[in-house]
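The file final.tsv comes next; it holds TSV, C-alpha atoms.
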chain	number	residue	atom	x	y	z
A	1	MET	CA	105.33	108.91	96.63
A	2	ASN	CA	108.46	107.73	98.40
A	3	ILE	CA	108.35	107.20	102.15
A	4	PHE	CA	112.02	108.25	102.44
A	5	LEU	CA	111.10	111.70	101.09
A	6	ILE	CA	108.25	112.25	103.58
A	7	PRO	CA	109.56	113.17	107.05
A	8	TYR	CA	107.46	112.49	110.12
A	9	THR	CA	106.25	116.08	110.54
A	10	TRP	CA	102.79	117.65	110.42
A	11	PRO	CA	103.00	118.58	106.67
A	12	ARG	CA	102.89	114.83	105.90
A	13	LEU	CA	99.14	114.98	106.66
A	14	PHE	CA	98.62	116.94	103.43
A	15	ILE	CA	100.79	114.81	101.14
A	16	MET	CA	98.00	112.47	99.98
A	17	GLY	CA	95.70	115.46	99.50
A	18	LEU	CA	98.22	117.15	97.22
A	19	TRP	CA	98.90	113.86	95.40
A	20	CYS	CA	95.21	113.19	94.69
A	21	GLY	CA	94.55	116.87	94.02
A	22	GLY	CA	97.19	116.81	91.30
A	23	ALA	CA	95.56	113.71	89.81
A	24	GLY	CA	92.16	115.44	89.74
A	25	LEU	CA	93.65	118.51	88.09
A	26	LEU	CA	95.45	116.43	85.47
A	27	ALA	CA	92.24	114.52	84.74
A	28	TRP	CA	90.37	117.78	84.08
A	29	TRP	CA	93.23	118.96	81.86
A	30	ALA	CA	93.24	115.66	79.92
A	31	VAL	CA	89.49	115.83	79.20
A	32	LEU	CA	89.75	119.46	78.17
A	33	THR	CA	92.76	118.75	75.94
A	34	TRP	CA	90.93	115.88	74.24
A	35	PHE	CA	87.88	118.09	73.77
A	36	VAL	CA	89.84	120.97	72.24
A	37	MET	CA	92.60	119.19	70.30
A	38	LEU	CA	90.91	116.00	69.08
A	39	GLY	CA	87.23	116.72	69.45
A	40	PRO	CA	84.74	114.64	71.46
A	41	PHE	CA	83.37	111.43	70.00
A	42	TRP	CA	80.43	111.62	72.41
A	43	GLY	CA	77.30	113.73	72.35
A	44	PRO	CA	76.75	116.88	74.46
A	45	SER	CA	74.70	114.94	77.00
A	46	TRP	CA	77.79	112.88	77.83
A	47	ASP	CA	80.05	115.83	78.69
A	48	GLY	CA	79.17	115.68	82.38
A	49	PRO	CA	79.51	111.91	82.81
A	50	VAL	CA	82.81	111.77	80.92
A	51	LEU	CA	84.35	114.60	82.94
A	52	MET	CA	83.10	113.29	86.28
A	53	CYS	CA	84.11	109.68	85.61
A	54	THR	CA	87.59	110.70	84.44
A	55	ILE	CA	88.21	112.85	87.49
A	56	ASN	CA	86.85	110.26	89.92
A	57	GLY	CA	88.75	107.40	88.32
A	58	SER	CA	91.99	109.37	88.40
A	59	ILE	CA	91.54	110.41	92.02
A	60	ALA	CA	90.67	106.89	93.20
A	61	GLY	CA	93.58	105.45	91.21
A	62	ALA	CA	95.98	108.02	92.67
A	63	SER	CA	94.87	107.14	96.20
A	64	ILE	CA	95.43	103.41	95.67
A	65	LEU	CA	98.67	103.88	93.71
A	66	GLY	CA	100.05	106.24	96.36
A	67	GLU	CA	99.37	103.67	99.07
A	68	GLY	CA	100.97	100.91	97.00
A	69	ASN	CA	104.08	103.01	96.42
A	70	LEU	CA	104.43	103.88	100.09
A	71	ARG	CA	103.97	100.27	101.21
A	72	ARG	CA	106.35	98.97	98.51
A	73	ARG	CA	103.83	96.49	97.14
A	74	LYS	CA	104.87	94.29	94.24
A	75	LEU	CA	104.39	95.78	90.79
A	76	MET	CA	101.66	93.37	89.71
A	77	ALA	CA	99.79	93.91	92.98
A	78	ARG	CA	99.85	97.66	92.35
A	79	ILE	CA	98.65	97.23	88.77
A	80	TRP	CA	95.67	94.97	89.47
A	81	ARG	CA	94.56	97.08	92.42
A	82	LEU	CA	94.86	100.20	90.31
A	83	MET	CA	92.86	98.81	87.39
A	84	LEU	CA	90.20	97.35	89.67
A	85	VAL	CA	89.64	100.58	91.60
A	86	ILE	CA	89.65	102.81	88.51
A	87	GLY	CA	87.12	100.53	86.78
A	88	LEU	CA	84.84	100.43	89.81
A	89	ALA	CA	85.09	104.18	90.44
A	90	MET	CA	84.26	105.09	86.84
A	91	GLY	CA	81.55	102.43	86.53
A	92	LEU	CA	79.80	103.34	89.79
A	93	THR	CA	80.03	107.05	89.00
A	94	MET	CA	78.45	106.46	85.60
A	95	VAL	CA	75.63	104.39	87.13
A	96	TRP	CA	74.91	106.98	89.80
A	97	TYR	CA	75.02	109.86	87.32
A	98	TRP	CA	72.42	108.09	85.22
A	99	LEU	CA	70.24	107.28	88.24
A	100	TRP	CA	70.42	110.85	89.49
A	101	HIS	CA	69.39	112.49	86.22
A	102	LYS	CA	66.96	109.84	85.02
A	103	VAL	CA	65.32	108.72	88.24
A	104	SER	CA	66.12	110.85	91.29
A	105	LEU	CA	65.40	114.22	89.70
A	106	SER	CA	61.97	112.98	88.61
A	107	LEU	CA	61.12	112.29	92.26
A	108	ILE	CA	62.30	115.54	93.83
A	109	ILE	CA	61.83	118.13	91.06
A	110	PRO	CA	58.37	119.46	90.11
A	111	ASP	CA	57.18	118.53	86.63
A	112	ALA	CA	57.30	122.18	85.54
A	113	LEU	CA	61.07	122.32	86.17
A	114	LEU	CA	61.94	118.75	85.18
A	115	ALA	CA	62.77	119.59	81.58
A	116	ASP	CA	65.27	122.23	82.66
A	117	ALA	CA	66.78	119.94	85.32
A	118	LYS	CA	67.48	117.22	82.76
A	119	ASP	CA	68.87	119.62	80.16
A	120	SER	CA	72.57	118.72	79.89
A	121	SER	CA	73.44	122.20	78.61
A	122	LEU	CA	72.05	123.86	81.77
A	123	VAL	CA	74.79	124.61	84.31
A	124	SER	CA	72.94	124.71	87.62
A	125	PHE	CA	74.34	124.00	91.06
A	126	ARG	CA	70.91	123.06	92.37
A	127	TYR	CA	70.41	120.24	89.87
A	128	ARG	CA	73.99	118.89	89.98
A	129	LEU	CA	74.65	118.81	93.73
A	130	GLY	CA	73.38	115.25	94.22
A	131	ALA	CA	75.45	113.98	91.31
A	132	PHE	CA	78.62	115.47	92.82
A	133	GLY	CA	77.99	114.23	96.35
A	134	MET	CA	77.03	110.65	95.60
A	135	SER	CA	79.65	110.30	92.87
A	136	GLY	CA	82.28	111.12	95.46
A	137	ALA	CA	80.68	108.65	97.89
A	138	VAL	CA	80.68	105.73	95.44
A	139	THR	CA	84.28	106.56	94.51
A	140	GLY	CA	85.24	106.29	98.16
A	141	LEU	CA	83.51	102.92	98.38
A	142	ALA	CA	85.29	101.77	95.21
A	143	CYS	CA	88.62	102.35	96.96
A	144	LEU	CA	87.65	99.72	99.53
A	145	ALA	CA	88.19	97.09	96.84
A	146	GLY	CA	91.86	98.05	96.67
A	147	ARG	CA	92.66	98.24	100.37
A	148	LYS	CA	91.76	96.35	103.51
A	149	PRO	CA	89.08	98.35	105.36
A	150	ASP	CA	89.31	98.86	109.10
A	151	GLY	CA	85.93	97.25	109.77
A	152	TRP	CA	82.80	99.36	109.74
A	153	LYS	CA	84.81	102.37	110.81
A	154	GLY	CA	86.87	102.21	107.62
A	155	MET	CA	83.80	101.72	105.43
A	156	ILE	CA	82.00	104.67	106.99
A	157	ASN	CA	85.13	106.78	106.67
A	158	HIS	CA	85.40	106.01	102.94
A	159	PHE	CA	81.73	106.72	102.34
A	160	VAL	CA	81.53	109.95	104.34
A	161	GLY	CA	84.94	111.13	103.13
A	162	GLY	CA	83.98	110.52	99.50
A	163	LEU	CA	80.63	112.23	99.98
A	164	THR	CA	82.30	115.24	101.59
A	165	SER	CA	84.90	115.51	98.83
A	166	GLY	CA	82.20	115.45	96.15
A	167	LEU	CA	80.20	118.17	97.90
A	168	THR	CA	83.38	120.20	98.39
A	169	ALA	CA	84.10	120.02	94.67
A	170	ALA	CA	80.53	121.10	93.90
A	171	ILE	CA	80.76	124.11	96.22
A	172	VAL	CA	84.15	125.16	94.84
A	173	TRP	CA	82.84	124.79	91.28
A	174	TYR	CA	79.83	126.96	92.15
A	175	VAL	CA	81.92	129.63	93.91
A	176	PHE	CA	84.37	129.97	91.03
A	177	ASN	CA	81.59	129.97	88.44
A	178	ASP	CA	78.95	132.22	90.00
A	179	ILE	CA	80.58	134.25	92.78
A	180	ILE	CA	84.24	134.90	91.99
A	181	ASN	CA	84.00	135.00	88.22
A	182	THR	CA	81.77	133.51	85.56
A	183	ASP	CA	84.47	131.28	84.13
A	184	LEU	CA	83.76	127.59	83.59
A	185	TYR	CA	87.41	127.05	82.66
A	186	LEU	CA	88.79	128.06	86.07
A	187	ALA	CA	85.77	126.52	87.79
A	188	GLY	CA	86.57	123.12	86.26
A	189	ALA	CA	90.24	123.35	87.26
A	190	ALA	CA	89.36	124.34	90.83
A	191	MET	CA	86.77	121.57	90.95
A	192	GLY	CA	89.26	118.84	89.98
A	193	LEU	CA	91.93	120.14	92.36
A	194	SER	CA	89.60	120.55	95.35
A	195	TRP	CA	87.93	117.19	94.70
A	196	GLY	CA	91.21	115.33	94.74
A	197	PHE	CA	92.69	117.30	97.64
A	198	SER	CA	89.71	116.75	99.94
A	199	PHE	CA	89.44	113.10	98.86
A	200	GLY	CA	93.10	112.39	99.63
A	201	LEU	CA	92.90	114.34	102.88
A	202	LEU	CA	89.83	112.52	104.20
A	203	ILE	CA	89.98	108.99	102.76
A	204	TRP	CA	93.49	107.69	103.48
A	205	GLY	CA	96.40	109.49	105.09
A	206	ILE	CA	99.96	108.34	105.57
A	207	PRO	CA	99.72	105.97	108.58
A	208	ASP	CA	102.12	105.83	111.50
A	209	ASP	CA	102.86	102.14	110.88
A	210	LEU	CA	105.11	103.17	107.98
A	211	TYR	CA	107.44	104.73	110.53
A	212	ALA	CA	109.38	103.34	113.49
A	213	GLY	CA	110.85	104.98	116.57
A	214	TRP	CA	114.60	105.45	117.02
A	215	LEU	CA	116.83	106.71	119.81
A	216	ARG	CA	119.77	108.88	118.75
A	217	VAL	CA	122.65	110.06	120.93
A	218	LEU	CA	123.24	113.82	120.90
A	219	SER	CA	126.05	114.03	123.48
A	220	TYR	CA	129.54	114.25	122.03
A	221	ARG	CA	130.98	110.93	123.32
A	222	ARG	CA	128.75	108.77	121.08
A	223	TYR	CA	127.20	111.46	118.91
A	224	GLY	CA	124.99	110.13	116.11
A	225	HIS	CA	124.80	106.55	117.38
A	226	ARG	CA	121.20	105.34	117.13
A	227	ILE	CA	119.11	102.23	117.74
A	228	PRO	CA	115.59	101.24	116.61
A	229	ILE	CA	112.92	100.73	119.26
A	230	ASP	CA	110.65	98.18	117.58
A	231	ASP	CA	113.14	96.28	115.44
A	232	SER	CA	111.10	93.83	113.34
A	233	ALA	CA	114.09	91.52	112.91
A	234	LEU	CA	114.83	91.20	116.63
A	235	GLY	CA	111.27	91.60	117.82
A	236	SER	CA	112.33	94.18	120.40
A	237	LYS	CA	109.54	96.05	122.17
A	238	GLU	CA	111.56	97.84	124.87
A	239	ARG	CA	115.05	99.32	124.78
A	240	PHE	CA	117.15	99.99	127.89
A	241	VAL	CA	119.75	102.73	128.24
A	242	GLY	CA	122.53	102.74	130.81
A	243	HIS	CA	126.18	101.85	131.46
A	244	PHE	CA	125.74	98.26	132.67
A	245	PRO	CA	128.37	96.33	130.66
A	246	ARG	CA	126.08	93.55	129.40
A	247	GLY	CA	122.46	93.15	128.34
A	248	LEU	CA	121.57	96.78	127.60
A	249	ASP	CA	120.59	98.07	124.17
A	250	LEU	CA	122.29	101.48	124.30
A	251	PHE	CA	125.50	101.92	126.30
A	252	LEU	CA	126.40	105.36	127.65
A	253	GLY	CA	129.36	105.89	129.94
A	254	ALA	CA	129.08	106.51	133.68
A	255	GLU	CA	131.21	109.63	133.26
A	256	ASP	CA	128.17	111.23	131.59
A	257	GLY	CA	126.05	110.79	134.70
A	258	VAL	CA	124.29	107.68	133.42
A	259	MET	CA	123.40	104.93	135.88
A	260	GLU	CA	123.64	101.17	135.20
A	261	MET	CA	120.02	101.16	134.03
A	262	HIS	CA	118.77	104.69	133.60
A	263	VAL	CA	115.79	104.88	131.19
A	264	SER	CA	113.89	102.66	128.80
A	265	VAL	CA	111.71	103.26	125.75
A	266	ALA	CA	108.82	100.86	125.10
A	267	VAL	CA	106.25	100.56	122.32
A	268	ASP	CA	102.75	99.11	122.71
A	269	GLN	CA	100.44	97.39	120.23
A	270	LYS	CA	99.00	100.71	119.08
A	271	GLN	CA	102.52	101.91	118.24
A	272	HIS	CA	102.57	104.43	121.05
A	273	TYR	CA	106.06	105.03	122.43
A	274	TRP	CA	106.66	105.53	126.15
A	275	LEU	CA	109.71	106.76	128.05
A	276	ARG	CA	110.25	105.30	131.53
A	277	GLY	CA	112.58	106.69	134.18
A	278	LEU	CA	114.42	103.89	135.99
A	279	SER	CA	117.01	105.82	138.02
A	280	LEU	CA	117.18	108.13	141.04
A	281	ARG	CA	119.52	110.39	139.06
A	282	PRO	CA	118.05	113.38	137.20
A	283	THR	CA	116.11	112.45	134.06
A	284	MET	CA	114.29	115.13	132.09
A	285	LEU	CA	112.20	115.01	128.92
A	286	ARG	CA	112.08	118.32	127.05
A	287	ARG	CA	109.85	119.42	124.20
A	288	PHE	CA	108.47	122.75	123.02
A	289	LEU	CA	106.89	124.60	125.98
A	290	GLU	CA	106.94	121.42	128.07
A	291	ARG	CA	109.26	119.40	130.28
A	292	VAL	CA	108.67	116.19	132.24
A	293	ASP	CA	110.72	115.07	135.25
A	294	LEU	CA	111.04	111.26	135.15
A	295	CYS	CA	113.38	110.78	138.10
A	296	TYR	CA	112.38	107.53	139.81
A	297	ASP	CA	110.40	107.98	143.00
A	298	PRO	CA	110.98	104.96	145.33
A	299	ARG	CA	107.67	105.67	147.07
A	300	ARG	CA	105.77	104.77	143.92
A	301	PRO	CA	104.99	101.15	142.95
A	302	ALA	CA	106.09	101.73	139.33
A	303	PRO	CA	108.46	104.10	137.51
A	304	LEU	CA	107.13	107.28	135.95
A	305	GLU	CA	106.49	107.20	132.22
A	306	THR	CA	105.35	109.63	129.54
A	307	ARG	CA	104.35	109.48	125.90
A	308	LEU	CA	107.12	110.20	123.41
A	309	ARG	CA	106.78	112.34	120.30
A	310	SER	CA	109.15	112.68	117.40
A	311	GLY	CA	111.79	115.29	118.17
A	312	ASP	CA	111.67	114.93	121.97
A	313	HIS	CA	114.97	115.45	123.81
A	314	ILE	CA	115.94	113.35	126.83
A	315	GLU	CA	118.51	114.75	129.26
A	316	ILE	CA	120.21	112.30	131.64
A	317	GLY	CA	122.31	113.40	134.60
A	318	ASP	CA	122.92	116.75	136.29
A	319	GLY	CA	124.16	119.92	134.64
A	320	THR	CA	127.84	119.10	135.23
A	321	SER	CA	127.95	115.74	133.44
A	322	ASN	CA	125.02	114.60	131.36
A	323	ALA	CA	124.03	112.71	128.24
A	324	GLN	CA	121.43	113.78	125.71
A	325	LEU	CA	119.20	111.59	123.57
A	326	GLU	CA	116.66	112.36	120.87
A	327	PHE	CA	113.60	110.34	119.91
A	328	LEU	CA	112.89	110.25	116.17
A	329	MET	CA	110.29	108.66	113.91
A	330	LEU	CA	111.95	107.43	110.73
A	331	PRO	CA	110.74	105.28	107.82
A	332	ARG	CA	110.42	101.66	108.91
A	333	GLU	CA	112.70	100.57	106.06
A	334	GLU	CA	115.52	102.70	107.49
A	335	GLN	CA	118.46	100.56	108.55
Show how you would write the structure in this file as structure tokens.
Amino acid sequence: MNIFLIPYTWPRLFIMGLWCGGAGLLAWWAVLTWFVMLGPFWGPSWDGPVLMCTINGSIAGASILGEGNLRRRKLMARIWRLMLVIGLAMGLTMVWYWLWHKVSLSLIIPDALLADAKDSSLVSFRYRLGAFGMSGAVTGLACLAGRKPDGWKGMINHFVGGLTSGLTAAIVWYVFNDIINTDLYLAGAAMGLSWGFSFGLLIWGIPDDLYAGWLRVLSYRRYGHRIPIDDSALGSKERFVGHFPRGLDLFLGAEDGVMEMHVSVAVDQKQHYWLRGLSLRPTMLRRFLERVDLCYDPRRPAPLETRLRSGDHIEIGDGTSNAQLEFLMLPREEQ
């Protein structure tokens, strides 16, 4: 998990899902390897709790460790957060598993079926669904101990996301076991992978605050020259582009059709980037299947502006002489 290896494109939304999915798959493989190669030191009734706690602990730990790696936290901060979250995830999962099979089933299952429901050797989707769902939910809540929640919204997101991931794992386990093929081996592997993937996808994604906006020159006179928009060192929140000799952030020559102060790029508190047209000369924003004319209209009280997205191209000047810029989102640590 290195922010420099994750470009600001739509596939980044699945990175944490793949990371946590791999952790869930490895956890299933580790339990199975221990069971086959070394032999379990626990009784048959503990097979379910051990497998579920190992998978949940690994997934929660992967989520917290991935965030720590991306944010470049100190090593000791990563370690104590990791140990705390893994301990809470495994402990809460064990408590809920016991409550579900010892208490909850007695309240919702008729007495005639209670013996079968509590039989640890019985593989039944109907009797295990609650254990999967709430185990995922408590694992999501355990992750709150390792990261700063975004108020009630963050807490609800962790609870609902964990619950959904647990139910997803249960459904995938059932489909692989009873519908596709009666194979508990593949069902367990698919369960661990789907549990981690849905958990990483729903609980915590790679946030935009790890990236910062940059302007890069594409025209040949200053090709490749680039400047950051929200430079943390300088505290800049708006960058101006033009050919005025002093005070501007990006100088482009007048021979390219650029006015003294032609455009500016600003960033707000929500890290939304905006392009503003400040000149009467042609100014065009181009993106896939869309173009925006930002030429300043003197009849308006304020210049036109539009939201910027990574990869947008800005054309300044007419077709004879013009300059081209590109807006990019790059890792904030980029210098």
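The residue that comes closest to Phe240 (chain A), out of A:Arg291, A:Arg286, A:Lys74, A:His262 and on the basis of only C-alpha atoms, is A:His262.
CA of His243 (chain A) lies 20.8 Å from CA of Pro298 (chain A).
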Per residue of region 113-201 of chain A within 10 Å of region 51-54 of chain A, what are the shortest atom pair and its distance in Å to one decimal, counting all atoms listed in the file, with rows by chain and residue number, as JSON lines?
{"residue": "A:Ala131", "atom": "CA", "partner": "A:Met52", "partner_atom": "CA", "distance": 9.2}
{"residue": "A:Phe132", "atom": "CA", "partner": "A:Met52", "partner_atom": "CA", "distance": 8.2}
{"residue": "A:Ser135", "atom": "CA", "partner": "A:Met52", "partner_atom": "CA", "distance": 8.0}
{"residue": "A:Gly136", "atom": "CA", "partner": "A:Met52", "partner_atom": "CA", "distance": 9.5}
{"residue": "A:Thr139", "atom": "CA", "partner": "A:Cys53", "partner_atom": "CA", "distance": 9.4}
{"residue": "A:Gly188", "atom": "CA", "partner": "A:Leu51", "partner_atom": "CA", "distance": 9.4}
{"residue": "A:Gly192", "atom": "CA", "partner": "A:Met52", "partner_atom": "CA", "distance": 9.1}
Identify, on the basis of all atoms listed in the file, every residue whose closest approach to Met1 (chain A) does not exceed 7 Å; exclude the query and any residue fewer than 2 positions from it along the same chain; express the result as an MDAnalysis selection string.
chainID A and resid 3 66 69:70
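Minimum atom-to-atom distance to Val267 (chain A), evaluated using only C-alpha atoms, belongs to A:Ala212 out of A:Leu285, A:Leu250, A:Met37, A:Ala212.
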Pairwise distance for CA of Leu278 (chain A) and CA of Val265 (chain A), rounded to one decimal in Å
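Value for the CA of Leu278 (chain A)-CA of Val265 (chain A) distance: 10.6 Å.
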Do you have the CA of Leu141 (chain A)-CA of His158 (chain A) distance handy?
5.8 Å
Fewer than 6 positions away in the same chain doesn't count, so skip those; otherwise give me all residues within 12 Å of Trp29 (chain A), counting all atoms listed in the file, as an mmCIF file with C-alpha atoms, keeping the file's coordinate frame.
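Below is the file result.cif, written as the result:
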data_model
loop_
_atom_site.group_PDB
_atom_site.id
_atom_site.type_symbol
_atom_site.label_atom_id
_atom_site.label_comp_id
_atom_site.auth_asym_id
_atom_site.auth_seq_id
_atom_site.Cartn_x
_atom_site.Cartn_y
_atom_site.Cartn_z
ATOM 1 C CA GLY A 22 97.190 116.810 91.300
ATOM 2 C CA ALA A 23 95.560 113.710 89.810
ATOM 3 C CA PHE A 35 87.880 118.090 73.770
ATOM 4 C CA VAL A 36 89.840 120.970 72.240
ATOM 5 C CA MET A 37 92.600 119.190 70.300
ATOM 6 C CA LEU A 51 84.350 114.600 82.940
ATOM 7 C CA THR A 54 87.590 110.700 84.440
ATOM 8 C CA ILE A 55 88.210 112.850 87.490
ATOM 9 C CA SER A 58 91.990 109.370 88.400
ATOM 10 C CA TYR A 185 87.410 127.050 82.660
ATOM 11 C CA LEU A 186 88.790 128.060 86.070
ATOM 12 C CA GLY A 188 86.570 123.120 86.260
ATOM 13 C CA ALA A 189 90.240 123.350 87.260
ATOM 14 C CA ALA A 190 89.360 124.340 90.830
ATOM 15 C CA MET A 191 86.770 121.570 90.950
ATOM 16 C CA GLY A 192 89.260 118.840 89.980
ATOM 17 C CA LEU A 193 91.930 120.140 92.360
#
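Using only C-alpha atoms, the smallest distance between any of A:Tyr211, A:Phe14, A:Phe251, A:Tyr174 and Gln271 (chain A) comes from A:Tyr211.
The residue that comes closest to Tyr223 (chain A), out of A:Gly253, A:Leu325, A:Leu163, A:Arg332 and on the basis of all atoms listed in the file, is A:Leu325.
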